[in-house]
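Presented below is the structure to which this report refers.
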Amino acid sequence: MDTITKEQRSRVMSRIRSRDTKPELTVRSRLHAAGWRFRVCDKRFPGHPDVVIPRARTFIEVRGCFWHRHGCARSTMPKSNVAFWMAKWSRNVRRDKRHEEEWSRLGWNVVIVWECALDAERLERTLLSICQALDAWAAEGPRRRPHRLVLPRRM
Ligand code: ZN
């Protein structure tokens, strides 16, 4: 029996077209304006990272706070079907973790951008942090221990 609410369903449906979401487009357009060239959802890498920037050996992943359980105010708890959601979230979180491990094994840097880092009041700071990190990492070349930047820095 299907008991998810209409609101939950529309949330699910809106996330099914998970590529080219608005937060991701915001990040991409800024990167492009800053002169970075990248590939999107590159199938050659595990987990098809959202944005791949070869020059800085960096993967950027834009993560929805609700779906990937950031723990911020957006990680709301639905009132019904809790078991369904918990199972789904735990799969998402496990998959995210596995991909991050695979990426760092490749020796590539990783930027995780939580959706809430792109809220109006944090957007500029977030985009600036990404661009500064990319500049530094591109200049530095490959490292044995890749960088990992998570935004926002504080929840
Ligand atoms: Zn969040």
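Each chain in the structure tokens gets a letter, A, B and so on, in the order shown; residues start at 1 in every chain, and ligands are counted from 1 in the order they appear.
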
Protein and nucleic residues near ligand 1, 7 Å, only C-alpha atoms and all ligand atoms, as an MDAnalysis selection string: chainID A and resid 65 70:75 114:117 155

DSSP helix (DSSP H, G or I) selection over range 15-62 of chain A, as a count of residues only: 17

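Considering the residues A:Gly47, A:Leu118, A:Thr76, A:Leu31 and counting only C-alpha atoms, Asn92 in chain A has its shortest atom-to-atom contact with A:Gly47.
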
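Atom pair CA of Glu24 in chain A / CA of Trp137 in chain A has a distance of 21.0 Å (rounded to one decimal).
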
Selected residue, from A:Thr58, A:Asn109, A:Ser90, A:Thr21, that lies nearest to Pro146 in chain A when counting only C-alpha atoms: A:Asn109

Interatomic distance, CA of Arg39 in chain A to CA of Val51 in chain A (Å, one decimal):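 Calculated distance between CA of Arg39 in chain A and CA of Val51 in chain A is 5.8 Å.
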
Shell of 10 Å around Met86 in chain A, only C-alpha atoms, local chain residues under 6 positions omitted, as number ranges by chain: A: 69, 77-78, 92

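One distance worth recording is that between CA of Val113 in chain A and CA of Gly35 in chain A, which is 19.3 Å.
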
DSSP strand (DSSP E or B) residues within chain A, listed as number ranges by chain: A: 39-40, 51-53, 58-63, 109-114, 148-151

What's around His99 in chain A at 12 Å? Count only C-alpha atoms, leave out sequence neighbours fewer than 4 positions away in its own chain, and write the answer as an mmCIF file with C-alpha atoms, in the first residue's frame.
```
data_model
loop_
_atom_site.group_PDB
_atom_site.id
_atom_site.type_symbol
_atom_site.label_atom_id
_atom_site.label_comp_id
_atom_site.auth_asym_id
_atom_site.auth_seq_id
_atom_site.Cartn_x
_atom_site.Cartn_y
_atom_site.Cartn_z
ATOM 1 C CA PHE A 45 34.607 7.930 -12.183
ATOM 2 C CA PRO A 46 32.874 5.972 -9.426
ATOM 3 C CA GLY A 47 29.586 7.501 -8.415
ATOM 4 C CA HIS A 48 29.589 9.854 -11.428
ATOM 5 C CA PRO A 49 30.590 12.953 -9.463
ATOM 6 C CA ASP A 50 28.437 16.023 -10.135
ATOM 7 C CA PHE A 59 35.396 16.327 -7.652
ATOM 8 C CA ILE A 60 32.570 18.536 -6.483
ATOM 9 C CA GLU A 61 29.455 16.953 -5.117
ATOM 10 C CA ASN A 92 22.127 7.201 0.493
ATOM 11 C CA VAL A 93 24.546 7.926 3.305
ATOM 12 C CA ARG A 94 26.386 4.627 2.843
ATOM 13 C CA ARG A 95 26.688 5.217 -0.878
ATOM 14 C CA TRP A 103 37.518 9.341 -4.824
ATOM 15 C CA SER A 104 40.164 9.893 -2.244
ATOM 16 C CA ARG A 105 41.804 6.585 -3.186
ATOM 17 C CA LEU A 106 42.142 7.988 -6.690
ATOM 18 C CA TRP A 108 41.584 13.475 -6.121
ATOM 19 C CA VAL A 110 36.784 16.435 -2.926
ATOM 20 C CA ILE A 112 31.118 18.479 -0.670
#
```
